[in-house]
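Enquirer: Just so it is clear, I am handing over work.txt, which has compact mmCIF, N, CA and C atoms.
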```
# COMPACT_ATOMS: atom_id res chain seq x y z
N MET A 1 -33.11 32.28 82.26
CA MET A 1 -33.00 31.50 81.03
C MET A 1 -33.42 30.06 81.33
N PRO A 2 -34.34 29.50 80.56
CA PRO A 2 -34.80 28.14 80.82
C PRO A 2 -33.70 27.11 80.53
N ASP A 3 -33.81 25.99 81.22
CA ASP A 3 -32.86 24.90 81.05
C ASP A 3 -33.05 24.28 79.66
N GLU A 4 -31.96 23.96 79.00
CA GLU A 4 -32.02 23.34 77.67
C GLU A 4 -32.53 21.91 77.80
N LEU A 5 -33.40 21.51 76.89
CA LEU A 5 -33.91 20.15 76.85
C LEU A 5 -33.22 19.38 75.73
N LEU A 6 -32.73 18.21 76.07
CA LEU A 6 -31.97 17.39 75.13
C LEU A 6 -32.78 16.17 74.71
N THR A 7 -32.55 15.73 73.50
CA THR A 7 -33.13 14.46 73.06
C THR A 7 -32.29 13.32 73.64
N ILE A 8 -32.80 12.13 73.54
CA ILE A 8 -32.03 10.96 73.99
C ILE A 8 -30.73 10.88 73.20
N GLU A 9 -30.81 11.13 71.92
CA GLU A 9 -29.61 11.06 71.07
C GLU A 9 -28.59 12.14 71.46
N ASP A 10 -29.07 13.34 71.78
CA ASP A 10 -28.16 14.40 72.22
C ASP A 10 -27.45 14.00 73.53
N ALA A 11 -28.23 13.48 74.47
CA ALA A 11 -27.66 13.07 75.75
C ALA A 11 -26.64 11.95 75.55
N ALA A 12 -26.96 11.01 74.68
CA ALA A 12 -26.05 9.90 74.40
C ALA A 12 -24.74 10.42 73.81
N ARG A 13 -24.84 11.36 72.89
CA ARG A 13 -23.65 11.94 72.27
C ARG A 13 -22.79 12.63 73.32
N LEU A 14 -23.41 13.38 74.21
CA LEU A 14 -22.66 14.08 75.26
C LEU A 14 -22.00 13.11 76.24
N LEU A 15 -22.68 11.99 76.51
CA LEU A 15 -22.12 11.00 77.43
C LEU A 15 -21.12 10.06 76.75
N GLY A 16 -21.16 10.02 75.43
CA GLY A 16 -20.28 9.11 74.70
C GLY A 16 -20.72 7.67 74.78
N VAL A 17 -22.04 7.46 74.84
CA VAL A 17 -22.60 6.12 74.93
C VAL A 17 -23.69 5.95 73.88
N PRO A 18 -24.09 4.72 73.57
CA PRO A 18 -25.20 4.52 72.64
C PRO A 18 -26.53 5.01 73.23
N ALA A 19 -27.45 5.40 72.37
CA ALA A 19 -28.76 5.89 72.82
C ALA A 19 -29.49 4.85 73.68
N ILE A 20 -29.28 3.58 73.42
CA ILE A 20 -29.96 2.54 74.20
C ILE A 20 -29.55 2.61 75.67
N ASP A 21 -28.31 3.02 75.94
CA ASP A 21 -27.87 3.15 77.33
C ASP A 21 -28.60 4.28 78.04
N VAL A 22 -28.85 5.37 77.32
CA VAL A 22 -29.61 6.48 77.91
C VAL A 22 -31.05 6.03 78.13
N ARG A 23 -31.61 5.28 77.19
CA ARG A 23 -32.98 4.76 77.36
C ARG A 23 -33.07 3.88 78.61
N ARG A 24 -32.04 3.08 78.86
CA ARG A 24 -32.03 2.23 80.06
C ARG A 24 -31.99 3.07 81.32
N LEU A 25 -31.20 4.14 81.30
CA LEU A 25 -31.16 5.04 82.46
C LEU A 25 -32.53 5.64 82.73
N LEU A 26 -33.24 6.01 81.67
CA LEU A 26 -34.59 6.56 81.83
C LEU A 26 -35.54 5.49 82.36
N GLN A 27 -35.45 4.30 81.79
CA GLN A 27 -36.33 3.20 82.21
C GLN A 27 -36.08 2.83 83.67
N ASP A 28 -34.83 2.83 84.09
CA ASP A 28 -34.47 2.49 85.47
C ASP A 28 -34.65 3.67 86.43
N LYS A 29 -35.13 4.79 85.89
CA LYS A 29 -35.37 6.02 86.67
C LYS A 29 -34.10 6.54 87.34
N LYS A 30 -32.97 6.33 86.68
CA LYS A 30 -31.69 6.85 87.18
C LYS A 30 -31.40 8.23 86.60
N LEU A 31 -32.13 8.58 85.55
CA LEU A 31 -31.98 9.88 84.91
C LEU A 31 -33.38 10.44 84.68
N PRO A 32 -33.70 11.58 85.30
CA PRO A 32 -35.05 12.12 85.13
C PRO A 32 -35.25 12.71 83.73
N ALA A 33 -36.47 12.60 83.25
CA ALA A 33 -36.82 13.14 81.94
C ALA A 33 -38.31 13.45 81.90
N ILE A 34 -38.70 14.20 80.89
CA ILE A 34 -40.12 14.46 80.70
C ILE A 34 -40.51 13.89 79.34
N GLN A 35 -41.78 13.53 79.23
CA GLN A 35 -42.28 13.02 77.96
C GLN A 35 -43.16 14.08 77.33
N THR A 36 -42.89 14.40 76.08
CA THR A 36 -43.67 15.41 75.39
C THR A 36 -45.04 14.85 75.01
N GLU A 37 -45.93 15.72 74.56
CA GLU A 37 -47.25 15.28 74.14
C GLU A 37 -47.18 14.27 73.01
N SER A 38 -46.15 14.38 72.19
CA SER A 38 -45.99 13.45 71.07
C SER A 38 -45.34 12.13 71.49
N GLY A 39 -44.98 12.02 72.78
CA GLY A 39 -44.41 10.77 73.29
C GLY A 39 -42.90 10.70 73.27
N ARG A 40 -42.27 11.77 72.85
CA ARG A 40 -40.79 11.78 72.82
C ARG A 40 -40.26 12.23 74.17
N TRP A 41 -39.08 11.70 74.52
CA TRP A 41 -38.46 12.02 75.80
C TRP A 41 -37.50 13.18 75.66
N ARG A 42 -37.48 14.04 76.68
CA ARG A 42 -36.54 15.15 76.74
C ARG A 42 -35.87 15.14 78.11
N ILE A 43 -34.57 15.36 78.10
CA ILE A 43 -33.75 15.34 79.31
C ILE A 43 -33.20 16.74 79.53
N SER A 44 -33.36 17.23 80.72
CA SER A 44 -32.82 18.55 81.03
C SER A 44 -31.30 18.48 81.05
N ALA A 45 -30.66 19.49 80.46
CA ALA A 45 -29.19 19.54 80.46
C ALA A 45 -28.66 19.57 81.88
N LYS A 46 -29.37 20.27 82.76
CA LYS A 46 -28.94 20.34 84.17
C LYS A 46 -29.03 18.96 84.82
N ALA A 47 -30.10 18.21 84.56
CA ALA A 47 -30.24 16.86 85.12
C ALA A 47 -29.13 15.95 84.62
N LEU A 48 -28.76 16.10 83.35
CA LEU A 48 -27.68 15.29 82.79
C LEU A 48 -26.35 15.63 83.48
N GLN A 49 -26.10 16.92 83.70
CA GLN A 49 -24.87 17.32 84.39
C GLN A 49 -24.84 16.76 85.81
N GLU A 50 -25.98 16.80 86.50
CA GLU A 50 -26.04 16.25 87.86
C GLU A 50 -25.83 14.75 87.87
N TYR A 51 -26.37 14.06 86.88
CA TYR A 51 -26.17 12.61 86.77
C TYR A 51 -24.68 12.31 86.59
N VAL A 52 -24.02 13.03 85.69
CA VAL A 52 -22.59 12.81 85.43
C VAL A 52 -21.78 13.08 86.70
N LYS A 53 -22.10 14.16 87.39
CA LYS A 53 -21.40 14.50 88.63
C LYS A 53 -21.57 13.39 89.66
N GLY A 54 -22.79 12.89 89.82
CA GLY A 54 -23.06 11.81 90.76
C GLY A 54 -22.35 10.52 90.38
N ALA A 55 -22.30 10.22 89.09
CA ALA A 55 -21.64 9.00 88.62
C ALA A 55 -20.13 9.08 88.89
N LYS A 56 -19.55 10.27 88.68
CA LYS A 56 -18.12 10.44 88.94
C LYS A 56 -17.82 10.28 90.43
N MET A 57 -18.71 10.82 91.27
CA MET A 57 -18.50 10.69 92.72
C MET A 57 -18.62 9.23 93.15
N ALA A 58 -19.55 8.51 92.56
CA ALA A 58 -19.73 7.09 92.91
C ALA A 58 -18.51 6.28 92.49
N ARG A 59 -17.95 6.58 91.31
CA ARG A 59 -16.74 5.87 90.88
C ARG A 59 -15.57 6.17 91.80
N ALA A 60 -15.44 7.42 92.21
CA ALA A 60 -14.34 7.80 93.11
C ALA A 60 -14.49 7.09 94.45
N ALA A 61 -15.70 7.01 94.95
CA ALA A 61 -15.94 6.33 96.23
C ALA A 61 -15.64 4.84 96.10
N ALA A 62 -16.00 4.25 94.97
CA ALA A 62 -15.75 2.82 94.77
C ALA A 62 -14.25 2.53 94.72
N ARG A 63 -13.47 3.45 94.18
CA ARG A 63 -12.01 3.24 94.13
C ARG A 63 -11.39 3.29 95.52
N ARG A 64 -12.01 4.07 96.43
CA ARG A 64 -11.46 4.19 97.78
C ARG A 64 -11.74 2.96 98.63
N VAL A 65 -12.76 2.21 98.28
CA VAL A 65 -13.13 1.02 99.06
C VAL A 65 -12.44 -0.18 98.44
N LYS A 66 -11.58 -0.83 99.23
CA LYS A 66 -10.88 -2.01 98.73
C LYS A 66 -11.69 -3.25 99.07
N PRO A 67 -11.95 -4.10 98.08
CA PRO A 67 -12.69 -5.33 98.38
C PRO A 67 -11.88 -6.25 99.27
N ALA A 68 -12.56 -6.97 100.13
CA ALA A 68 -11.89 -7.92 101.02
C ALA A 68 -11.39 -9.11 100.19
N GLY A 69 -10.17 -9.50 100.46
CA GLY A 69 -9.60 -10.65 99.76
C GLY A 69 -9.95 -11.94 100.48
N PRO A 70 -9.56 -13.07 99.91
CA PRO A 70 -9.79 -14.36 100.57
C PRO A 70 -9.07 -14.40 101.91
N LYS A 71 -9.56 -15.24 102.82
CA LYS A 71 -8.94 -15.34 104.14
C LYS A 71 -7.47 -15.73 104.00
N GLY A 72 -6.69 -15.14 104.86
CA GLY A 72 -5.26 -15.45 104.82
C GLY A 72 -4.46 -14.44 104.03
N GLU A 73 -5.11 -13.51 103.38
CA GLU A 73 -4.37 -12.50 102.59
C GLU A 73 -4.29 -11.21 103.32
```
Translate the structure described by the file into structure tokens.
Expert:
Amino acid sequence: MPDELLTIEDAARLLGVPAIDVRRLLQDKKLPAIQTESGRWRISAKALQEYVKGAKMARAAARRVKPAGPKGE
């Protein structure tokens, strides 16, 4: 079964963010997508799931690292 292709708006709805945030992810090449012949972007559902998984792992890693405080603390 082929992977489902999502529009930017679909991906934004699934992520709970505005479409402009998804566009920024595409522009920054943080989320892979393909461009159709008509110029519209499509995001693979699998790629979106992998992005979410990676983002959750990055947040968890960031919580484990405590920033250094000022000297003397």
Enquirer: According to DSSP computed on the backbone, where in segment 37-66 of chain A is there strand (DSSP E or B)? Give the residues as a list in words.
Expert: Trp41, Arg42, Ile43 and Ser44 of chain A
Enquirer: Which residues, written as a PyMOL selection string, have at least one atom at most 8 Å from Asp3 of chain A, with all atoms listed in the file counted and residues fewer than 6 positions away on the same chain left out?
Expert: chain A and resi 43-46
Enquirer: Residues of the last selection are to be written out with N, CA and C atoms, as a PDB file, keeping the file's coordinate frame.
Expert:
```pdb
ATOM      1  N   ILE A  43     -34.570  15.360  78.100  1.00  0.00           N
ATOM      2  CA  ILE A  43     -33.750  15.340  79.310  1.00  0.00           C
ATOM      3  C   ILE A  43     -33.200  16.740  79.530  1.00  0.00           C
ATOM      4  N   SER A  44     -33.360  17.230  80.720  1.00  0.00           N
ATOM      5  CA  SER A  44     -32.820  18.550  81.030  1.00  0.00           C
ATOM      6  C   SER A  44     -31.300  18.480  81.050  1.00  0.00           C
ATOM      7  N   ALA A  45     -30.660  19.490  80.460  1.00  0.00           N
ATOM      8  CA  ALA A  45     -29.190  19.540  80.460  1.00  0.00           C
ATOM      9  C   ALA A  45     -28.660  19.570  81.880  1.00  0.00           C
ATOM     10  N   LYS A  46     -29.370  20.270  82.760  1.00  0.00           N
ATOM     11  CA  LYS A  46     -28.940  20.340  84.170  1.00  0.00           C
ATOM     12  C   LYS A  46     -29.030  18.960  84.820  1.00  0.00           C
TER      13      LYS A  46
END
```
Enquirer: May I ask which of the residues A:Pro18, A:Gly54, A:Glu9, A:Ala62 is the closest one to Leu31 of chain A, counting only C-alpha atoms?
Expert: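 Closest candidate: A:Gly54.
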Enquirer: Ranking A:Arg63, A:Arg23, A:Arg42, A:Lys56 by minimum distance to Glu4 of chain A and counting only C-alpha atoms, which one comes first?
Expert: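 Result for the nearest residue to Glu4 of chain A: A:Arg42.
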Enquirer: Give me the residues near Ala47 of chain A as a ChimeraX atom specification, where near means some atom within 8 Å (using only N, CA and C atoms) and where sequence neighbours in that chain fewer than 5 positions away do not count.
Expert: /A:31-33,52-53
Enquirer: Would you mind writing down, as a PyMOL selection string, each residue of segment 21-67 of chain A that DSSP on the backbone assigns to alpha helix (DSSP H)?
Expert: chain A and resi 21-27+45-64
Enquirer: How many Å lie between atom CA of Leu26 of chain A and atom CA of Arg64 of chain A, rounded to one decimal?
Expert: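 Here the two named atoms are 28.2 Å from each other.
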Enquirer: One number please: atom C of Asp10 of chain A to atom C of Leu25 of chain A, in Å, one decimal.
Expert: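 Taking atom C of Asp10 of chain A and atom C of Leu25 of chain A, their separation equals 13.4 Å.
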Enquirer: Quick one: segment 33-68 of chain A with N, CA and C atoms, as a PDB file, in the first residue's frame?
Expert:
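Below you can see result.pdb, which holds the result:
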```pdb
ATOM      1  N   ALA A  33       9.564  16.741   1.494  1.00  0.00           N
ATOM      2  CA  ALA A  33       8.309  16.813   0.745  1.00  0.00           C
ATOM      3  C   ALA A  33       8.615  16.731  -0.743  1.00  0.00           C
ATOM      4  N   ILE A  34       7.571  16.497  -1.510  1.00  0.00           N
ATOM      5  CA  ILE A  34       7.726  16.512  -2.959  1.00  0.00           C
ATOM      6  C   ILE A  34       6.833  17.611  -3.513  1.00  0.00           C
ATOM      7  N   GLN A  35       7.241  18.142  -4.655  1.00  0.00           N
ATOM      8  CA  GLN A  35       6.435  19.168  -5.301  1.00  0.00           C
ATOM      9  C   GLN A  35       5.764  18.557  -6.527  1.00  0.00           C
ATOM     10  N   THR A  36       4.470  18.735  -6.627  1.00  0.00           N
ATOM     11  CA  THR A  36       3.730  18.184  -7.753  1.00  0.00           C
ATOM     12  C   THR A  36       3.998  19.010  -9.003  1.00  0.00           C
ATOM     13  N   GLU A  37       3.555  18.498 -10.146  1.00  0.00           N
ATOM     14  CA  GLU A  37       3.725  19.232 -11.397  1.00  0.00           C
ATOM     15  C   GLU A  37       3.048  20.589 -11.356  1.00  0.00           C
ATOM     16  N   SER A  38       1.980  20.691 -10.595  1.00  0.00           N
ATOM     17  CA  SER A  38       1.258  21.963 -10.487  1.00  0.00           C
ATOM     18  C   SER A  38       1.894  22.912  -9.472  1.00  0.00           C
ATOM     19  N   GLY A  39       2.981  22.462  -8.818  1.00  0.00           N
ATOM     20  CA  GLY A  39       3.693  23.324  -7.879  1.00  0.00           C
ATOM     21  C   GLY A  39       3.253  23.208  -6.438  1.00  0.00           C
ATOM     22  N   ARG A  40       2.319  22.331  -6.172  1.00  0.00           N
ATOM     23  CA  ARG A  40       1.851  22.153  -4.788  1.00  0.00           C
ATOM     24  C   ARG A  40       2.740  21.143  -4.073  1.00  0.00           C
ATOM     25  N   TRP A  41       2.883  21.346  -2.761  1.00  0.00           N
ATOM     26  CA  TRP A  41       3.729  20.467  -1.955  1.00  0.00           C
ATOM     27  C   TRP A  41       2.910  19.348  -1.345  1.00  0.00           C
ATOM     28  N   ARG A  42       3.520  18.162  -1.279  1.00  0.00           N
ATOM     29  CA  ARG A  42       2.906  17.010  -0.626  1.00  0.00           C
ATOM     30  C   ARG A  42       3.928  16.394   0.323  1.00  0.00           C
ATOM     31  N   ILE A  43       3.456  16.038   1.495  1.00  0.00           N
ATOM     32  CA  ILE A  43       4.303  15.481   2.556  1.00  0.00           C
ATOM     33  C   ILE A  43       3.847  14.052   2.808  1.00  0.00           C
ATOM     34  N   SER A  44       4.781  13.149   2.822  1.00  0.00           N
ATOM     35  CA  SER A  44       4.441  11.762   3.097  1.00  0.00           C
ATOM     36  C   SER A  44       4.031  11.632   4.562  1.00  0.00           C
ATOM     37  N   ALA A  45       2.967  10.867   4.809  1.00  0.00           N
ATOM     38  CA  ALA A  45       2.508  10.644   6.182  1.00  0.00           C
ATOM     39  C   ALA A  45       3.608   9.985   7.005  1.00  0.00           C
ATOM     40  N   LYS A  46       4.358   9.093   6.376  1.00  0.00           N
ATOM     41  CA  LYS A  46       5.458   8.418   7.081  1.00  0.00           C
ATOM     42  C   LYS A  46       6.545   9.425   7.465  1.00  0.00           C
ATOM     43  N   ALA A  47       6.888  10.344   6.561  1.00  0.00           N
ATOM     44  CA  ALA A  47       7.901  11.368   6.859  1.00  0.00           C
ATOM     45  C   ALA A  47       7.437  12.264   8.002  1.00  0.00           C
ATOM     46  N   LEU A  48       6.148  12.573   8.029  1.00  0.00           N
ATOM     47  CA  LEU A  48       5.614  13.403   9.110  1.00  0.00           C
ATOM     48  C   LEU A  48       5.707  12.659  10.444  1.00  0.00           C
ATOM     49  N   GLN A  49       5.386  11.374  10.439  1.00  0.00           N
ATOM     50  CA  GLN A  49       5.499  10.577  11.669  1.00  0.00           C
ATOM     51  C   GLN A  49       6.943  10.530  12.150  1.00  0.00           C
ATOM     52  N   GLU A  50       7.880  10.357  11.225  1.00  0.00           N
ATOM     53  CA  GLU A  50       9.300  10.320  11.597  1.00  0.00           C
ATOM     54  C   GLU A  50       9.768  11.662  12.138  1.00  0.00           C
ATOM     55  N   TYR A  51       9.283  12.747  11.556  1.00  0.00           N
ATOM     56  CA  TYR A  51       9.634  14.082  12.054  1.00  0.00           C
ATOM     57  C   TYR A  51       9.137  14.249  13.491  1.00  0.00           C
ATOM     58  N   VAL A  52       7.895  13.869  13.744  1.00  0.00           N
ATOM     59  CA  VAL A  52       7.314  13.995  15.088  1.00  0.00           C
ATOM     60  C   VAL A  52       8.107  13.142  16.081  1.00  0.00           C
ATOM     61  N   LYS A  53       8.437  11.935  15.692  1.00  0.00           N
ATOM     62  CA  LYS A  53       9.212  11.043  16.565  1.00  0.00           C
ATOM     63  C   LYS A  53      10.571  11.670  16.886  1.00  0.00           C
ATOM     64  N   GLY A  54      11.241  12.206  15.881  1.00  0.00           N
ATOM     65  CA  GLY A  54      12.542  12.852  16.084  1.00  0.00           C
ATOM     66  C   GLY A  54      12.439  14.086  16.959  1.00  0.00           C
ATOM     67  N   ALA A  55      11.376  14.867  16.778  1.00  0.00           N
ATOM     68  CA  ALA A  55      11.188  16.077  17.582  1.00  0.00           C
ATOM     69  C   ALA A  55      10.951  15.718  19.049  1.00  0.00           C
ATOM     70  N   LYS A  56      10.183  14.646  19.281  1.00  0.00           N
ATOM     71  CA  LYS A  56       9.930  14.210  20.663  1.00  0.00           C
ATOM     72  C   LYS A  56      11.224  13.738  21.319  1.00  0.00           C
ATOM     73  N   MET A  57      12.046  13.020  20.549  1.00  0.00           N
ATOM     74  CA  MET A  57      13.313  12.537  21.097  1.00  0.00           C
ATOM     75  C   MET A  57      14.242  13.707  21.416  1.00  0.00           C
ATOM     76  N   ALA A  58      14.243  14.719  20.564  1.00  0.00           N
ATOM     77  CA  ALA A  58      15.098  15.891  20.795  1.00  0.00           C
ATOM     78  C   ALA A  58      14.651  16.643  22.041  1.00  0.00           C
ATOM     79  N   ARG A  59      13.329  16.768  22.236  1.00  0.00           N
ATOM     80  CA  ARG A  59      12.832  17.444  23.438  1.00  0.00           C
ATOM     81  C   ARG A  59      13.196  16.664  24.691  1.00  0.00           C
ATOM     82  N   ALA A  60      13.092  15.344  24.627  1.00  0.00           N
ATOM     83  CA  ALA A  60      13.430  14.507  25.784  1.00  0.00           C
ATOM     84  C   ALA A  60      14.917  14.636  26.104  1.00  0.00           C
ATOM     85  N   ALA A  61      15.753  14.662  25.092  1.00  0.00           N
ATOM     86  CA  ALA A  61      17.195  14.806  25.312  1.00  0.00           C
ATOM     87  C   ALA A  61      17.509  16.174  25.902  1.00  0.00           C
ATOM     88  N   ALA A  62      16.815  17.201  25.442  1.00  0.00           N
ATOM     89  CA  ALA A  62      17.056  18.552  25.949  1.00  0.00           C
ATOM     90  C   ALA A  62      16.674  18.656  27.427  1.00  0.00           C
ATOM     91  N   ARG A  63      15.639  17.928  27.837  1.00  0.00           N
ATOM     92  CA  ARG A  63      15.234  17.968  29.257  1.00  0.00           C
ATOM     93  C   ARG A  63      16.271  17.294  30.145  1.00  0.00           C
ATOM     94  N   ARG A  64      16.992  16.304  29.595  1.00  0.00           N
ATOM     95  CA  ARG A  64      17.987  15.589  30.393  1.00  0.00           C
ATOM     96  C   ARG A  64      19.254  16.405  30.604  1.00  0.00           C
ATOM     97  N   VAL A  65      19.508  17.356  29.722  1.00  0.00           N
ATOM     98  CA  VAL A  65      20.723  18.172  29.816  1.00  0.00           C
ATOM     99  C   VAL A  65      20.383  19.423  30.604  1.00  0.00           C
ATOM    100  N   LYS A  66      21.058  19.603  31.743  1.00  0.00           N
ATOM    101  CA  LYS A  66      20.813  20.783  32.563  1.00  0.00           C
ATOM    102  C   LYS A  66      21.791  21.877  32.151  1.00  0.00           C
ATOM    103  N   PRO A  67      21.277  23.075  31.870  1.00  0.00           N
ATOM    104  CA  PRO A  67      22.186  24.166  31.513  1.00  0.00           C
ATOM    105  C   PRO A  67      23.060  24.555  32.696  1.00  0.00           C
ATOM    106  N   ALA A  68      24.278  24.952  32.413  1.00  0.00           N
ATOM    107  CA  ALA A  68      25.199  25.379  33.461  1.00  0.00           C
ATOM    108  C   ALA A  68      24.727  26.725  34.020  1.00  0.00           C
TER     109      ALA A  68
END
```
